[in-house]
Structures are given as C-alpha cells and as structure tokens.
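For reference, run09.csv (CSV, C-alpha atoms):
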```csv
chain,number,residue,atom,x,y,z
A,1233,MET,CA,0.0,0.0,0.0
A,1234,TYR,CA,2.8,2.4,0.9
A,1235,PHE,CA,4.5,1.9,-2.5
A,1236,ILE,CA,1.3,2.8,-4.3
A,1237,PHE,CA,1.0,6.1,-2.4
A,1238,PHE,CA,4.7,6.8,-2.8
A,1239,ASN,CA,4.5,6.2,-6.5
A,1240,PHE,CA,1.3,8.3,-6.8
A,1241,TYR,CA,3.0,11.2,-5.0
A,1242,THR,CA,6.2,10.9,-7.0
A,1243,ILE,CA,4.2,11.0,-10.3
A,1244,MET,CA,2.2,14.0,-9.1
A,1245,ASP,CA,5.4,15.8,-8.0
A,1246,ILE,CA,6.9,15.3,-11.5
A,1247,GLN,CA,3.7,16.4,-13.2
A,1248,TRP,CA,3.4,19.5,-11.1
A,1249,SER,CA,7.0,20.4,-11.6
A,1250,ARG,CA,6.6,20.2,-15.4
A,1251,LYS,CA,3.3,22.2,-15.2
A,1252,TRP,CA,5.0,24.8,-13.0
A,1253,PHE,CA,8.0,25.2,-15.3
A,1254,GLY,CA,5.8,25.0,-18.4
A,1255,PHE,CA,4.1,28.2,-17.3
A,1256,ILE,CA,7.5,29.8,-17.0
A,1257,ALA,CA,8.7,28.5,-20.4
A,1258,LYS,CA,5.5,29.8,-22.1
A,1259,ASN,CA,6.2,33.2,-20.7
A,1260,LYS,CA,9.9,33.5,-21.5
A,1261,GLY,CA,9.5,37.2,-22.3
A,1262,LYS,CA,8.9,38.0,-18.6
A,1263,ASN,CA,11.6,39.3,-16.4
A,1264,TRP,CA,12.1,36.1,-14.4
A,1265,ASP,CA,14.3,35.9,-11.4
A,1266,TRP,CA,16.4,32.9,-12.4
A,1267,CYS,CA,18.2,32.8,-9.1
A,1268,ALA,CA,14.8,32.3,-7.3
A,1269,ILE,CA,13.7,29.8,-10.0
A,1270,SER,CA,16.9,27.9,-9.6
A,1271,SER,CA,16.1,27.5,-5.9
A,1272,ASN,CA,12.5,26.8,-6.2
A,1273,ILE,CA,11.3,23.6,-4.5
A,1274,ASN,CA,9.5,22.5,-7.7
A,1275,LEU,CA,12.6,22.5,-9.8
A,1276,THR,CA,13.8,19.0,-10.8
A,1277,PHE,CA,16.9,17.8,-12.5
A,1278,GLU,CA,14.7,16.7,-15.4
A,1279,VAL,CA,13.5,20.2,-16.0
A,1280,ILE,CA,17.1,21.5,-16.0
A,1281,LEU,CA,18.1,18.8,-18.5
A,1282,GLU,CA,15.1,19.6,-20.7
A,1283,ASN,CA,16.0,23.3,-20.7
A,1284,PRO,CA,19.7,23.7,-21.3
A,1285,ASN,CA,19.4,27.3,-22.7
A,1286,ILE,CA,17.9,28.7,-19.5
A,1287,PRO,CA,20.3,31.0,-17.6
A,1288,TRP,CA,20.3,28.8,-14.5
A,1289,ASN,CA,22.0,30.0,-11.4
A,1290,TRP,CA,24.4,27.1,-11.1
A,1291,TYR,CA,25.3,28.0,-7.5
A,1292,ARG,CA,21.7,27.6,-6.5
A,1293,VAL,CA,21.1,24.5,-8.7
A,1294,SER,CA,24.3,22.9,-7.3
A,1295,LYS,CA,23.0,23.2,-3.7
A,1296,HIS,CA,19.4,22.4,-4.5
A,1297,GLN,CA,17.8,19.6,-2.4
A,1298,ASN,CA,16.4,17.9,-5.5
A,1299,ILE,CA,19.9,17.5,-7.0
A,1300,THR,CA,21.6,14.3,-5.9
A,1301,MET,CA,25.2,13.4,-6.1
A,1302,LYS,CA,24.2,10.8,-8.7
A,1303,HIS,CA,22.9,13.6,-10.9
A,1304,ILE,CA,26.2,15.5,-10.6
A,1305,ASN,CA,28.4,12.4,-11.1
A,1306,GLU,CA,26.5,11.4,-14.2
A,1307,ASN,CA,26.6,14.9,-15.6
A,1308,LEU,CA,30.0,16.3,-14.9
A,1309,HIS,CA,29.9,18.2,-18.2
A,1310,LEU,CA,27.4,20.6,-16.7
A,1311,PRO,CA,28.7,23.9,-15.1
A,1312,TRP,CA,28.3,22.8,-11.5
A,1313,ASP,CA,29.3,25.2,-8.8
A,1314,TRP,CA,31.6,23.2,-6.5
A,1315,TRP,CA,31.2,25.7,-3.7
A,1316,GLY,CA,27.4,25.3,-4.0
A,1317,ILE,CA,27.7,21.5,-4.0
A,1318,CYS,CA,29.2,21.8,-0.6
A,1319,GLY,CA,25.9,23.2,0.7
A,1320,ASN,CA,23.8,20.5,-1.0
A,1321,PRO,CA,22.0,18.5,1.7
A,1322,ASN,CA,22.5,15.3,-0.3
A,1323,ILE,CA,26.3,15.4,-0.3
A,1324,ASP,CA,27.9,12.4,1.3
A,1325,THR,CA,31.4,11.2,2.2
A,1326,GLU,CA,31.7,9.0,-0.9
A,1327,PHE,CA,31.1,12.0,-3.1
A,1328,ILE,CA,33.6,14.0,-1.1
A,1329,ARG,CA,36.2,11.3,-1.5
A,1330,GLN,CA,35.6,11.1,-5.2
A,1331,HIS,CA,36.0,14.9,-5.8
A,1332,ILE,CA,38.3,16.0,-3.0
A,1333,ASP,CA,40.6,17.6,-5.7
A,1334,ARG,CA,37.8,20.0,-6.8
A,1335,LEU,CA,37.3,23.5,-5.5
A,1336,PHE,CA,35.4,22.9,-2.3
A,1337,ASN,CA,34.2,25.0,0.6
A,1338,TYR,CA,36.2,23.0,3.2
A,1339,LYS,CA,34.8,25.0,6.0
A,1340,ALA,CA,31.3,23.8,5.2
A,1341,LEU,CA,32.5,20.3,4.6
A,1342,SER,CA,34.2,20.2,7.9
A,1343,LEU,CA,30.8,19.8,9.5
A,1344,ILE,CA,30.2,16.4,7.7
A,1345,VAL,CA,33.5,14.8,6.9
A,1346,THR,CA,34.7,11.8,8.8
A,1347,GLU,CA,37.9,11.5,10.7
A,1348,ASP,CA,39.2,9.1,8.0
A,1349,ILE,CA,38.8,11.8,5.3
A,1350,ILE,CA,40.5,14.3,7.4
A,1351,GLU,CA,43.4,12.0,8.1
A,1352,GLU,CA,43.7,11.0,4.4
A,1353,ASN,CA,43.9,14.7,3.4
A,1354,PRO,CA,46.2,16.4,6.0
A,1355,ASN,CA,47.0,19.2,3.5
A,1356,ILE,CA,43.5,20.6,3.6
A,1357,ASN,CA,42.5,23.3,6.1
A,1358,TRP,CA,39.4,21.7,7.5
A,1359,HIS,CA,38.5,24.5,9.9
A,1360,ILE,CA,38.1,22.0,12.8
A,1361,ASP,CA,37.4,23.7,16.1
A,1362,ASN,CA,38.9,22.0,19.2
```
Could I get this file's structure written as structure tokens?
Amino acid sequence: MYFIFFNFYTIMDIQWSRKWFGFIAKNKGKNWDWCAISSNINLTFEVILENPNIPWNWYRVSKHQNITMKHINENLHLPWDWWGICGNPNIDTEFIRQHIDRLFNYKALSLIVTEDIIEENPNINWHIDN
C-alpha cells in the first residue's frame, strides 16, 4: 500500500514540476528571477536537462535539495558550482572522497567529513574547532 501512495505522489510531483515550469517557459518574455527559480522547491533535474538554454543560477542549482550526487556524477559536463555543491543536503562522504581535488568549501565540509577523510587529506585546512 505504501508503495502505491509513494508512486502516486512521485508521479504527481513530477507532473506539477513540469506544469510549473511549463508556465515559465511559455512566458519567456517576462523578467524572471532565475536565481529564485533555480532555488524553487518545484525544480527538478529533469526540468534542468530539458531546458539547457535557460540562464540557470548554477550555484543555486548545485546546492538544490532535488539535485543528488548521482545527478552530478553522471553529468560532470554541466557547469556545476563546486562551492554550492558543498551546501547540498545530499552530499555524502563517498562523493567528497571522489571529488576531493575539486574546489570545495572546506569550512562547510568540515561539518560532515569523517575522521578518516581528514586523516587522508592532512594538507586541507578543514576548519576544525577544538
């Protein structure tokens, strides 16, 4: 029973997201705040992929709660903002390990990295408070 409800709500979320963005796309002549749209809860990765010519705010997109590390890893050709990714609630230690060489906000990451990652990367200023 739970699966049926979950699937229904997932489908409804996707449909609403497309309808929401469809309105924006139909009114391209308006002076849209792309920073706000890039942060909107209704934004999905599918909408971003379907609209590559939109002036997305990639800092906001990169830290968006609907963007997963899988989306980023599978689409490294997109102009991700690595500082913004550090603020993404979906970031995990596996992703950090994979991309430790990228430009990161190590102060933000200090809140979630494990002791192992810190020990593996002693050259990074992790901003650890004693």
Exercise for the section: Skip Ala1340 (chain A) itself and residues of its chain fewer than 2 positions away, then list as an MDAnalysis selection string all residues within 12 Å of it, counting all atoms listed in the file. Expected result: chainID A and resid 1314:1321 1323 1328 1336:1338 1342:1345 1357:1360
Fill in the blank from the handout: As a check of understanding: the span from CA of Asp1333 (chain A) to CA of Ile1280 (chain A) is 26.0 Å
Handout entry: Which residue of A:Asn1263, A:Thr1346, A:Ser1270, A:Asn1355 approaches Arg1292 (chain A) most closely, using only C-alpha atoms
Key =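 Closest to Arg1292 (chain A) of all the choices is A:Ser1270.
With CA of Asn1272 (chain A) on one side and CA of Trp1252 (chain A) on the other, the separation reads 10.3 Å.
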Handout entry: Residues within 12 Å of Trp1266 (chain A), only C-alpha atoms, excluding chain neighbours under 3 positions, as a PyMOL selection string
Key = chain A and resi 1253+1256-1257+1260+1262-1263+1269-1272+1275+1280+1286-1293
Practice task
Write out as a list in words the residues lying within 10 Å of Phe1327 (chain A), counting only C-alpha atoms and excluding same-chain residues fewer than 2 positions away.
Solution key: Met1301, Lys1302, Ile1304, Asn1305, Asn1322, Ile1323, Asp1324, Thr1325, Arg1329, Gln1330, His1331 and Ile1332 of chain A
